[in-house]
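So this one's input-v1.cif, mmCIF, C-alpha atoms:
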```
data_structure
#
loop_
_atom_site.group_PDB
_atom_site.id
_atom_site.type_symbol
_atom_site.label_atom_id
_atom_site.label_comp_id
_atom_site.auth_asym_id
_atom_site.auth_seq_id
_atom_site.Cartn_x
_atom_site.Cartn_y
_atom_site.Cartn_z
ATOM 1 C CA MET A 22 17.634 30.765 -120.708
ATOM 2 C CA THR A 23 15.843 30.759 -117.330
ATOM 3 C CA ILE A 24 17.494 28.468 -114.816
ATOM 4 C CA PHE A 25 15.513 26.310 -112.366
ATOM 5 C CA PRO A 26 18.239 24.632 -110.297
ATOM 6 C CA ASP A 27 15.885 22.891 -107.852
ATOM 7 C CA MET A 28 14.001 20.841 -110.428
ATOM 8 C CA GLN A 29 15.042 17.258 -110.918
ATOM 9 C CA SER A 30 14.994 15.421 -114.225
ATOM 10 C CA GLN A 31 12.545 12.527 -114.239
ATOM 11 C CA VAL A 32 15.281 10.344 -115.798
ATOM 12 C CA ASP A 33 17.301 10.604 -112.587
ATOM 13 C CA VAL A 34 14.323 9.452 -110.504
ATOM 14 C CA ALA A 35 11.908 7.378 -112.626
ATOM 15 C CA HIS A 36 14.548 6.321 -115.179
ATOM 16 C CA TRP A 37 12.210 6.784 -118.163
ATOM 17 C CA GLY A 38 14.932 7.193 -120.738
ATOM 18 C CA TRP A 39 15.931 5.650 -124.043
ATOM 19 C CA ASP A 40 14.459 2.236 -123.316
ATOM 20 C CA ILE A 41 11.011 3.727 -122.741
ATOM 21 C CA ALA A 42 11.463 5.864 -125.870
ATOM 22 C CA VAL A 43 12.139 2.696 -127.868
ATOM 23 C CA PHE A 44 9.084 1.068 -126.274
ATOM 24 C CA LEU A 45 6.811 3.989 -127.238
ATOM 25 C CA TRP A 46 8.275 4.028 -130.761
ATOM 26 C CA LEU A 47 7.720 0.293 -131.277
ATOM 27 C CA VAL A 48 4.171 0.418 -129.905
ATOM 28 C CA GLY A 49 3.340 3.284 -132.259
ATOM 29 C CA LEU A 50 4.706 1.369 -135.245
ATOM 30 C CA SER A 51 2.609 -1.674 -134.360
ATOM 31 C CA GLY A 52 -0.548 0.281 -133.608
ATOM 32 C CA MET A 53 -0.530 2.466 -136.711
ATOM 33 C CA GLY A 54 0.752 -0.518 -138.705
ATOM 34 C CA THR A 55 -2.499 -2.366 -138.057
ATOM 35 C CA PHE A 56 -4.375 0.781 -139.099
ATOM 36 C CA ALA A 57 -2.431 0.826 -142.376
ATOM 37 C CA TYR A 58 -3.067 -2.892 -142.818
ATOM 38 C CA TYR A 59 -6.797 -2.237 -143.208
ATOM 39 C CA TRP A 60 -6.042 -0.374 -146.440
ATOM 40 C CA LEU A 61 -3.092 -2.345 -147.847
ATOM 41 C CA ARG A 62 -3.382 -5.908 -146.433
ATOM 42 C CA ARG A 63 0.198 -6.944 -147.198
ATOM 43 C CA ALA A 64 1.977 -9.792 -145.415
ATOM 44 C CA PRO A 65 5.173 -7.795 -144.631
ATOM 45 C CA LEU A 66 3.029 -5.158 -142.907
ATOM 46 C CA ALA A 67 1.356 -7.842 -140.781
ATOM 47 C CA TRP A 68 4.739 -9.217 -139.735
ATOM 48 C CA MET A 69 5.979 -5.719 -138.927
ATOM 49 C CA THR A 70 3.050 -5.148 -136.542
ATOM 50 C CA LEU A 71 3.709 -8.455 -134.760
ATOM 51 C CA ILE A 72 7.487 -7.997 -134.473
ATOM 52 C CA THR A 73 7.233 -4.425 -133.173
ATOM 53 C CA VAL A 74 4.600 -5.142 -130.506
ATOM 54 C CA GLY A 75 6.552 -8.230 -129.401
ATOM 55 C CA ALA A 76 9.773 -6.237 -129.207
ATOM 56 C CA GLY A 77 7.947 -3.477 -127.341
ATOM 57 C CA LEU A 78 6.756 -5.916 -124.682
ATOM 58 C CA VAL A 79 10.291 -7.290 -124.298
ATOM 59 C CA VAL A 80 11.687 -3.764 -123.860
ATOM 60 C CA VAL A 81 9.135 -2.734 -121.231
ATOM 61 C CA PHE A 82 9.649 -5.980 -119.302
ATOM 62 C CA SER A 83 13.421 -5.484 -119.372
ATOM 63 C CA HIS A 84 12.939 -1.988 -117.926
ATOM 64 C CA LEU A 85 11.618 -3.481 -114.695
ATOM 65 C CA SER A 86 14.163 -4.157 -111.962
ATOM 66 C CA ARG A 87 12.688 -7.650 -111.615
ATOM 67 C CA TRP A 88 11.084 -8.294 -114.976
ATOM 68 C CA TRP A 89 9.423 -11.552 -113.923
ATOM 69 C CA ASN A 90 7.192 -9.763 -111.365
ATOM 70 C CA LEU A 91 4.860 -8.392 -114.026
ATOM 71 C CA PRO A 92 4.176 -11.678 -115.887
ATOM 72 C CA VAL A 93 3.634 -13.426 -112.543
ATOM 73 C CA ALA A 94 1.260 -10.687 -111.392
ATOM 74 C CA VAL A 95 -0.685 -10.925 -114.662
ATOM 75 C CA PHE A 96 -0.875 -14.723 -114.319
ATOM 76 C CA HIS A 97 -2.269 -14.508 -110.785
ATOM 77 C CA ALA A 98 -4.708 -11.793 -111.855
ATOM 78 C CA ILE A 99 -6.038 -14.082 -114.587
ATOM 79 C CA VAL A 100 -6.261 -17.111 -112.302
ATOM 80 C CA ASN A 101 -8.036 -15.172 -109.550
ATOM 81 C CA PHE A 102 -9.944 -12.970 -112.011
ATOM 82 C CA SER A 103 -8.838 -9.927 -110.060
ATOM 83 C CA PHE A 104 -7.697 -7.028 -112.212
ATOM 84 C CA ASN A 105 -6.628 -3.584 -111.065
ATOM 85 C CA TRP A 106 -8.137 -1.529 -113.864
ATOM 86 C CA GLY A 107 -7.124 1.615 -112.036
ATOM 87 C CA SER A 108 -3.508 0.859 -112.940
ATOM 88 C CA TRP A 109 -2.309 2.275 -116.248
ATOM 89 C CA MET A 110 0.324 -0.459 -116.340
ATOM 90 C CA MET A 111 -2.386 -3.122 -116.098
ATOM 91 C CA ILE A 112 -4.404 -1.432 -118.830
ATOM 92 C CA GLY A 113 -1.305 -1.152 -121.001
ATOM 93 C CA ILE A 114 -0.360 -4.802 -120.650
ATOM 94 C CA ALA A 115 -3.937 -5.795 -121.524
ATOM 95 C CA LEU A 116 -3.980 -3.551 -124.599
ATOM 96 C CA LEU A 117 -0.584 -4.700 -125.824
ATOM 97 C CA SER A 118 -1.467 -8.359 -125.250
ATOM 98 C CA ILE A 119 -4.609 -7.984 -127.359
ATOM 99 C CA GLN A 120 -2.603 -6.102 -129.983
ATOM 100 C CA ALA A 121 -0.103 -8.976 -130.101
ATOM 101 C CA VAL A 122 -2.884 -11.550 -130.557
ATOM 102 C CA LEU A 123 -4.527 -9.534 -133.341
ATOM 103 C CA ALA A 124 -1.198 -9.044 -135.122
ATOM 104 C CA LEU A 125 -0.521 -12.768 -134.773
ATOM 105 C CA LEU A 126 -3.876 -13.571 -136.402
ATOM 106 C CA LEU A 127 -2.985 -11.350 -139.365
ATOM 107 C CA CYS A 128 0.315 -13.195 -139.763
ATOM 108 C CA VAL A 129 -1.358 -16.607 -139.410
ATOM 109 C CA HIS A 130 -3.738 -15.652 -142.224
ATOM 110 C CA HIS A 131 -0.871 -14.998 -144.627
ATOM 111 C CA VAL A 132 0.979 -18.144 -143.592
ATOM 112 C CA ALA A 133 -2.237 -20.128 -144.102
ATOM 113 C CA LEU A 134 -2.684 -18.654 -147.587
ATOM 114 C CA SER A 135 0.876 -19.427 -148.630
ATOM 115 C CA ARG A 136 0.750 -23.014 -147.335
ATOM 116 C CA GLY A 137 -2.814 -23.889 -148.214
ATOM 117 C CA TRP A 138 -3.942 -24.623 -144.677
ATOM 118 C CA ALA A 139 -7.617 -24.133 -145.541
ATOM 119 C CA GLN A 140 -7.562 -27.309 -147.662
ATOM 120 C CA SER A 141 -5.432 -29.384 -145.282
ATOM 121 C CA GLY A 142 -8.093 -30.068 -142.648
ATOM 122 C CA GLY A 143 -7.621 -30.465 -138.905
ATOM 123 C CA LEU A 144 -6.128 -27.802 -136.649
ATOM 124 C CA ALA A 145 -4.450 -25.967 -139.544
ATOM 125 C CA ALA A 146 -7.789 -25.485 -141.316
ATOM 126 C CA THR A 147 -9.407 -24.269 -138.083
ATOM 127 C CA LEU A 148 -6.620 -21.724 -137.534
ATOM 128 C CA SER A 149 -6.912 -20.618 -141.142
ATOM 129 C CA LYS A 150 -10.641 -19.982 -140.828
ATOM 130 C CA ALA A 151 -10.282 -18.147 -137.510
ATOM 131 C CA ALA A 152 -7.553 -15.890 -138.890
ATOM 132 C CA ALA A 153 -9.526 -15.253 -142.089
ATOM 133 C CA LEU A 154 -12.502 -14.022 -140.044
ATOM 134 C CA VAL A 155 -10.298 -11.189 -138.774
ATOM 135 C CA ALA A 156 -7.987 -10.565 -141.738
ATOM 136 C CA THR A 157 -10.406 -10.647 -144.683
ATOM 137 C CA ARG A 158 -13.693 -9.125 -143.522
ATOM 138 C CA ASN A 159 -14.045 -5.364 -143.506
ATOM 139 C CA VAL A 160 -15.858 -4.923 -140.186
ATOM 140 C CA PRO A 161 -13.529 -7.054 -138.002
ATOM 141 C CA LEU A 162 -10.509 -5.603 -139.766
ATOM 142 C CA ALA A 163 -11.815 -2.067 -139.208
ATOM 143 C CA LEU A 164 -12.094 -2.883 -135.499
ATOM 144 C CA VAL A 165 -8.509 -4.152 -135.544
ATOM 145 C CA ALA A 166 -7.420 -0.903 -137.217
ATOM 146 C CA ALA A 167 -9.310 1.173 -134.637
ATOM 147 C CA PHE A 168 -7.741 -0.839 -131.841
ATOM 148 C CA GLY A 169 -4.298 -0.114 -133.293
ATOM 149 C CA VAL A 170 -5.017 3.606 -133.142
ATOM 150 C CA LEU A 171 -6.229 3.154 -129.554
ATOM 151 C CA VAL A 172 -2.959 1.432 -128.614
ATOM 152 C CA THR A 173 -0.999 4.319 -130.134
ATOM 153 C CA ILE A 174 -3.120 6.866 -128.270
ATOM 154 C CA TYR A 175 -2.513 4.924 -125.053
ATOM 155 C CA SER A 176 1.253 5.178 -125.573
ATOM 156 C CA GLY A 177 0.901 8.972 -125.521
ATOM 157 C CA PHE A 178 -1.800 9.085 -122.857
ATOM 158 C CA LEU A 179 0.512 7.094 -120.575
ATOM 159 C CA LEU A 180 2.814 10.112 -120.342
ATOM 160 C CA THR A 181 -0.008 12.579 -119.717
ATOM 161 C CA GLN A 182 -0.871 10.661 -116.534
ATOM 162 C CA ALA A 183 2.639 10.934 -115.073
ATOM 163 C CA VAL A 184 2.294 12.751 -111.751
ATOM 164 C CA GLY A 185 4.605 15.708 -111.238
ATOM 165 C CA VAL A 186 5.917 16.100 -114.815
ATOM 166 C CA PRO A 187 3.905 19.070 -116.138
ATOM 167 C CA LEU A 188 5.537 19.125 -119.579
ATOM 168 C CA TRP A 189 3.737 15.868 -120.368
ATOM 169 C CA ASN A 190 0.366 16.832 -118.877
ATOM 170 C CA THR A 191 -1.205 17.926 -122.154
ATOM 171 C CA SER A 192 -3.726 16.306 -124.485
ATOM 172 C CA LEU A 193 -1.460 17.245 -127.404
ATOM 173 C CA LEU A 194 0.846 14.288 -126.689
ATOM 174 C CA PRO A 195 -1.499 11.433 -127.731
ATOM 175 C CA ILE A 196 -2.374 13.276 -130.951
ATOM 176 C CA LEU A 197 1.291 13.999 -131.658
ATOM 177 C CA TRP A 198 2.111 10.332 -131.062
ATOM 178 C CA VAL A 199 -0.568 9.227 -133.561
ATOM 179 C CA PHE A 200 0.714 11.461 -136.356
ATOM 180 C CA SER A 201 4.355 10.681 -135.592
ATOM 181 C CA ALA A 202 3.685 6.923 -135.620
ATOM 182 C CA GLY A 203 1.627 7.297 -138.788
ATOM 183 C CA VAL A 204 4.542 9.000 -140.536
ATOM 184 C CA ALA A 205 6.886 6.271 -139.291
ATOM 185 C CA VAL A 206 4.648 3.569 -140.787
ATOM 186 C CA LEU A 207 4.606 5.447 -144.090
ATOM 187 C CA ASP A 208 8.415 5.449 -143.964
ATOM 188 C CA VAL A 209 8.347 1.680 -143.449
ATOM 189 C CA LEU A 210 6.039 1.343 -146.456
ATOM 190 C CA ASP A 211 8.519 3.335 -148.557
ATOM 191 C CA LEU A 212 11.153 0.774 -147.640
ATOM 192 C CA PHE A 213 8.703 -2.007 -148.506
ATOM 193 C CA HIS A 214 8.193 -0.400 -151.906
ATOM 194 C CA LEU A 215 11.927 -0.555 -152.547
ATOM 195 C CA GLN A 216 11.687 -4.302 -151.888
ATOM 196 C CA GLY A 217 8.886 -4.629 -154.437
ATOM 197 C CA TRP A 218 6.160 -5.270 -151.840
ATOM 198 C CA ILE A 219 4.192 -2.068 -152.572
ATOM 199 C CA GLU A 220 3.182 -0.998 -156.084
ATOM 200 C CA GLU A 221 4.490 2.254 -157.576
ATOM 201 C CA ALA A 222 1.078 3.912 -157.908
ATOM 202 C CA ILE A 223 0.240 3.157 -154.278
ATOM 203 C CA ASP A 224 3.633 4.370 -153.110
ATOM 204 C CA ARG A 225 3.158 7.740 -154.820
ATOM 205 C CA THR A 226 -0.130 8.177 -152.978
ATOM 206 C CA LEU A 227 1.550 7.217 -149.709
ATOM 207 C CA MET A 228 4.323 9.748 -150.361
ATOM 208 C CA LYS A 229 1.765 12.531 -150.816
ATOM 209 C CA LEU A 230 0.140 11.442 -147.566
ATOM 210 C CA THR A 231 3.559 11.539 -145.897
ATOM 211 C CA LEU A 232 3.967 15.229 -146.751
ATOM 212 C CA VAL A 233 0.543 16.033 -145.290
ATOM 213 C CA MET A 234 1.006 14.025 -142.100
ATOM 214 C CA GLU A 235 4.576 15.222 -141.560
ATOM 215 C CA SER A 236 3.382 18.839 -141.860
ATOM 216 C CA ILE A 237 0.620 18.229 -139.312
ATOM 217 C CA LYS A 238 3.110 16.498 -137.011
ATOM 218 C CA LEU A 239 5.424 19.501 -137.120
ATOM 219 C CA MET A 240 2.546 21.865 -136.362
ATOM 220 C CA MET A 241 1.486 19.672 -133.432
ATOM 221 C CA LEU A 242 5.079 19.586 -132.181
ATOM 222 C CA GLY A 243 5.285 23.371 -132.436
ATOM 223 C CA ALA A 244 2.066 23.683 -130.440
ATOM 224 C CA PHE A 245 3.409 21.270 -127.809
ATOM 225 C CA VAL A 246 6.609 23.274 -127.362
ATOM 226 C CA TYR A 247 4.725 26.592 -127.333
ATOM 227 C CA VAL A 248 2.344 25.366 -124.637
ATOM 228 C CA GLY A 249 5.329 24.275 -122.567
ATOM 229 C CA VAL A 250 7.366 27.456 -122.989
ATOM 230 C CA SER A 251 4.432 29.784 -122.358
ATOM 231 C CA GLY A 252 2.760 27.742 -119.605
ATOM 232 C CA THR A 253 2.314 28.725 -115.992
ATOM 233 C CA SER A 254 4.199 25.676 -114.724
ATOM 234 C CA ALA A 255 7.899 26.212 -114.104
ATOM 235 C CA GLY A 256 8.555 22.506 -114.701
ATOM 236 C CA ALA A 257 6.949 22.633 -118.140
ATOM 237 C CA ARG A 258 8.791 25.816 -119.037
ATOM 238 C CA MET A 259 12.121 24.327 -118.052
ATOM 239 C CA GLY A 260 11.480 21.120 -119.995
ATOM 240 C CA ALA A 261 10.419 23.015 -123.113
ATOM 241 C CA SER A 262 13.425 25.333 -122.746
ATOM 242 C CA ASP A 263 15.710 22.302 -122.630
ATOM 243 C CA LEU A 264 14.307 21.296 -126.025
ATOM 244 C CA VAL A 265 14.498 24.729 -127.622
ATOM 245 C CA SER A 266 17.771 26.121 -126.288
ATOM 246 C CA GLY A 267 19.148 23.796 -123.638
ATOM 247 C CA ASP A 268 21.097 20.568 -123.551
ATOM 248 C CA LEU A 269 18.505 18.753 -125.686
ATOM 249 C CA ALA A 270 18.435 21.417 -128.422
ATOM 250 C CA PRO A 271 20.919 19.602 -130.744
ATOM 251 C CA MET A 272 18.815 16.438 -130.602
ATOM 252 C CA PHE A 273 15.574 18.374 -131.001
ATOM 253 C CA TRP A 274 16.541 20.772 -133.809
ATOM 254 C CA GLY A 275 19.031 18.518 -135.550
ATOM 255 C CA GLY A 276 17.660 15.022 -134.961
ATOM 256 C CA VAL A 277 13.913 15.613 -134.728
ATOM 257 C CA ILE A 278 13.287 18.671 -136.899
ATOM 258 C CA LEU A 279 16.062 18.820 -139.522
ATOM 259 C CA PHE A 280 17.173 15.245 -140.194
ATOM 260 C CA GLY A 281 14.079 13.576 -138.745
ATOM 261 C CA ALA A 282 11.433 15.614 -140.587
ATOM 262 C CA LEU A 283 12.624 18.280 -143.048
ATOM 263 C CA VAL A 284 15.197 16.132 -144.863
ATOM 264 C CA PRO A 285 12.739 13.207 -145.272
ATOM 265 C CA MET A 286 10.110 15.674 -146.541
ATOM 266 C CA GLY A 287 12.641 17.001 -149.025
ATOM 267 C CA ALA A 288 13.421 13.458 -150.196
ATOM 268 C CA VAL A 289 9.704 12.757 -150.695
ATOM 269 C CA ALA A 290 9.138 16.060 -152.514
ATOM 270 C CA TYR A 291 12.115 15.372 -154.796
ATOM 271 C CA SER A 292 10.829 11.865 -155.555
ATOM 272 C CA LEU A 293 7.372 13.192 -156.416
ATOM 273 C CA GLY A 294 8.409 16.304 -158.320
ATOM 274 C CA VAL A 295 11.675 15.393 -160.055
ATOM 275 C CA ARG A 296 12.516 11.698 -160.121
ATOM 276 C CA LYS A 297 12.669 8.812 -157.715
ATOM 277 C CA ILE A 298 16.138 7.661 -156.710
ATOM 278 C CA ARG A 299 16.229 4.526 -154.591
ATOM 279 C CA SER A 300 19.028 5.719 -152.338
ATOM 280 C CA VAL A 301 17.277 9.042 -151.704
ATOM 281 C CA VAL A 302 14.029 7.282 -150.803
ATOM 282 C CA ALA A 303 15.847 4.839 -148.515
ATOM 283 C CA VAL A 304 17.839 7.524 -146.695
ATOM 284 C CA GLY A 305 14.748 9.696 -146.269
ATOM 285 C CA ALA A 306 12.722 6.794 -144.869
ATOM 286 C CA VAL A 307 15.444 5.695 -142.440
ATOM 287 C CA LEU A 308 15.968 9.274 -141.218
ATOM 288 C CA GLY A 309 12.211 9.643 -140.777
ATOM 289 C CA LEU A 310 12.085 6.504 -138.646
ATOM 290 C CA ALA A 311 15.032 7.723 -136.580
ATOM 291 C CA GLY A 312 13.312 11.087 -136.182
ATOM 292 C CA GLY A 313 10.267 9.398 -134.668
ATOM 293 C CA LEU A 314 12.452 7.676 -132.086
ATOM 294 C CA LEU A 315 14.383 10.874 -131.305
ATOM 295 C CA LEU A 316 11.099 12.756 -130.891
ATOM 296 C CA ARG A 317 10.010 10.395 -128.136
ATOM 297 C CA ALA A 318 13.451 10.353 -126.533
ATOM 298 C CA SER A 319 13.762 14.145 -126.471
ATOM 299 C CA ILE A 320 10.324 14.638 -124.902
ATOM 300 C CA LEU A 321 11.034 11.952 -122.310
ATOM 301 C CA LEU A 322 14.443 13.374 -121.439
ATOM 302 C CA ALA A 323 12.984 16.889 -121.171
ATOM 303 C CA GLY A 324 10.579 15.825 -118.423
ATOM 304 C CA ARG A 325 11.191 17.651 -115.161
ATOM 305 C CA TYR A 326 9.484 17.151 -111.818
ATOM 306 C CA GLU A 327 7.655 20.207 -110.574
ATOM 307 C CA THR A 328 8.905 21.509 -107.251
ATOM 308 C CA LEU A 329 6.549 20.641 -104.390
ATOM 309 C CA VAL A 330 5.402 23.586 -102.291
ATOM 310 C CA PHE A 331 4.197 22.933 -98.717
#
```

In structure tokens, how does this file's structure come out?
Amino acid sequence: MTIFPDMQSQVDVAHWGWDIAVFLWLVGLSGMGTFAYYWLRRAPLAWMTLITVGAGLVVVFSHLSRWWNLPVAVFHAIVNFSFNWGSWMMIGIALLSIQAVLALLLCVHHVALSRGWAQSGGLAATLSKAAALVATRNVPLALVAAFGVLVTIYSGFLLTQAVGVPLWNTSLLPILWVFSAGVAVLDVLDLFHLQGWIEEAIDRTLMKLTLVMESIKLMMLGAFVYVGVSGTSAGARMGASDLVSGDLAPMFWGGVILFGALVPMGAVAYSLGVRKIRSVVAVGAVLGLAGGLLLRASILLAGRYETLVF
């Protein structure tokens, strides 16, 4: 392996480590969860999108050295109507805030249905009607689904804009994030099926889709690593080498590829071709979800700052 001793890991400087990996993973689950909601429209899926985006916001706030600075800055920006749209952090907070509101409306719709708010009158009926406008009509719900994909793309695009980390400066990352998050949502739906929240016929279709999307994700990941290893940037080559044969290789090959992708694919193929065993489905789904998190963590940890030449 080629050694580049003068290149510093971004984790040592920017501290984008496991907490940011969790943030990106949660945002992807919420974003692609709202996309899946357009097709399935199940209450547990709505709650999953709300919980994950809420948890994602908590994680990113906790990453700040003084977490209260960001909410205060957003408050003053709203009061003074002065927004720095050139800041990717500002754009991200705006996107995630809208995502949280949309996910909340989906959840309110299901609560309203279960408690009969539409017939109760007053504020409850008003909330029920407002939520129904979003959660039951195809065009608004399609916009919500598209916005979820946009949020997921943003979570990958955020890395591509990092100055000085050439491994991340590729348009492959947002696409990889979309397919990885899509697979993770399908894994969640497998777990929902085991709880009786998704019908058997639908789950078989989702399993077939899992095999297709997981295959595309692996191809995209292979392209990402190849671009890094064969690139002209020494920083990208070192980061990609860390994944393939360096300190991050056990996480990458074992956690991301083997247990995070190939084993879950094998569990799905066995369930479709032989017979479905609940424990096999559950283990495959959990490993797939863990693989999505490890994918983000390994790519973050592999980031190296390019050496500045004067």

Expressed in Å to a single decimal, how great is the separation between atom CA of Leu315 of chain A and atom CA of Leu293 of chain A? 26.2 Å

Near segment 32-53 of chain A, 6 Å: segment 154-263 of chain A residue rows, closest pairs, all atoms listed in the file, as a Markdown table:
```
| residue | atom | partner | partner_atom | distance |
| --- | --- | --- | --- | --- |
| A:Gly169 | CA | A:Gly52 | CA | 3.8 |
| A:Val170 | CA | A:Gly52 | CA | 5.6 |
| A:Val172 | CA | A:Gly52 | CA | 5.7 |
| A:Thr173 | CA | A:Gly49 | CA | 4.9 |
| A:Ser176 | CA | A:Leu45 | CA | 5.9 |
| A:Ala202 | CA | A:Gly49 | CA | 5.0 |
| A:Gly203 | CA | A:Met53 | CA | 5.7 |
| A:Val206 | CA | A:Leu50 | CA | 6.0 |
```

Can you write out the residues you just picked, keeping C-alpha atoms, as a compact mmCIF listing (two decimals), keeping the file's coordinate frame?
```txt
# COMPACT_ATOMS: atom_id res chain seq x y z
CA GLY A 169 -4.30 -0.11 -133.29
CA VAL A 170 -5.02 3.61 -133.14
CA VAL A 172 -2.96 1.43 -128.61
CA THR A 173 -1.00 4.32 -130.13
CA SER A 176 1.25 5.18 -125.57
CA ALA A 202 3.68 6.92 -135.62
CA GLY A 203 1.63 7.30 -138.79
CA VAL A 206 4.65 3.57 -140.79
```

Axis-aligned box for all listed atoms of segment 197-215 of chain A, 5 Å per side, centre and edges in Å to one decimal, as JSON:
```
{"center_x": 5.7, "center_y": 6.0, "center_z": -141.8, "size_x": 22.5, "size_y": 26.0, "size_z": 31.5}
```

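Around Thr55 of chain A, within 9 Å and counting all atoms listed in the file, the residues found are Leu50, Leu66, Ala67, Thr70, Gln120, Leu123, Ala124, Leu162, Val165, Ala166, Ala167, Phe168, Gly169 and Val170 of chain A, once anything fewer than 5 positions away on its own chain is removed.
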
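With atom CA of Ser254 of chain A on one side and atom CA of Leu193 of chain A on the other, the separation reads 16.2 Å.
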
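Here atom CA of Pro161 of chain A stands at a distance of 11.5 Å from atom CA of Leu127 of chain A.
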
Any chance you could resolve the PyMOL selection byres ((chain A and resi 182-187) around 9) against this file and give the residues as a PyMOL selection string? chain A and resi 31+109+178-181+188-191+249+254-258+260+324-329

Hey, what's within 9 Å of Phe213 of chain A if we count all atoms listed in the file and toss same-chain stuff fewer than 5 positions away? As a ChimeraX atom specification, please? /A:65-66,208,218-219

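Shortest atom-to-atom contact with Phe280 of chain A among A:Gly177, A:Gly113, A:Gly294, A:Gly313: A:Gly313, counting only C-alpha atoms.
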
Specify as a PyMOL selection string each residue included when the PyMOL selection byres ((chain A and resi 157) around 12) is applied to this file. chain A and resi 58-63+126-127+130-131+134+149-156+158-163+165
